[in-house]
Structure formats: structure tokens, C-alpha cells
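Worksheet: the structure to be examined is printed underneath.
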Amino acid sequence: MSDTTATRSTASTVQLATRIETSQEQLFRETARRLGTTPADAMRVFVAAFNQHRGFPFDVRLAADVEPFDTEDDATEFASRAAGKLVDAAR
């Protein structure tokens, strides 16, 4: 084992599951796709923001003619900026 491998820190992860109506799941997948992200990444962003804010963090709605993000990095940057604005507003 190399030094890099031996000293590398790995985060522990768990799988989170829930049940939702089929129509809600289909809409969630489509909305995530239109936003240029995946359902899994959307859930990760939500959980992180929910925990940081100790409750529902923001009100997000999809505009009627929204264009998806070009890259996953663009989507992550947008979510980070939105969360930052909410933190600043709460101060």
C-alpha cells in the first residue's frame, strides 16, 4: 500500500431511502434533469442545506422556461451561492 493510500481519509456514507408517489418521482427526475443535475445530487444538496439551516433552507421553484445548467459544477456553484445568500440574510 502506498503512503498516499494509507493516509487518505474516506468519508462514511449511508443510503437514504423514502417512499413517494410515482407521479412525484417522475416529476422530481424530470425537474432535476431540466436543472442539469441528478436526483441523487439534488437530494445531497437538499440534505446538506437542510442540516446547515436546521430546517427547510429555501424556497426554490422552477421557472416555466428554465434552461438546465451546462455542467454539474455550475449547478453546485449556483446552490452554494443560494445557500450563502440565505446564511447572510439570517445574520
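Ligands are numbered from 1 in the order shown, residues from 1 within each chain, and chains are lettered A, B, ... in the order they appear in the C-alpha cells.
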
Compile the contact shell of Met43 (chain A) as a list in words: residues with an atom at most 10 Å away, counting only C-alpha atoms, same-chain residues fewer than 5 positions apart removed.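 In the requested form, the answer reads Leu16, Ala32, Thr38, Ala48 and Ala49 of chain A.
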
Find the nearest atom pair between each residue of region 5-50 of chain A and region 67-90 of chain A for residues within 6 Å, count only C-alpha atoms, give distances in Å to one decimal, sort rows by chain and ascending number, and present the table as a tab-separated table.
residue	atom	partner	partner_atom	distance
A:Arg34	CA	A:Pro68	CA	4.9
A:Leu35	CA	A:Pro68	CA	4.2
A:Gly36	CA	A:Pro68	CA	4.4

Coordinates-based distance that separates CA of Thr10 (chain A) from CA of Pro39 (chain A) (Å, one decimal): 23.2 Å

Members of chain A assigned helix (DSSP H, G or I) by DSSP, as a PyMOL selection string: chain A and resi 3-7+22-34+39-53+72-90

Do you have the CA of Thr18 (chain A)-CA of Thr37 (chain A) distance handy?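 CA of Thr37 (chain A) lies at a distance of 19.6 Å from CA of Thr18 (chain A).
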
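Interatomic distance, CA of Arg44 (chain A) to CA of Thr31 (chain A): 15.3 Å.
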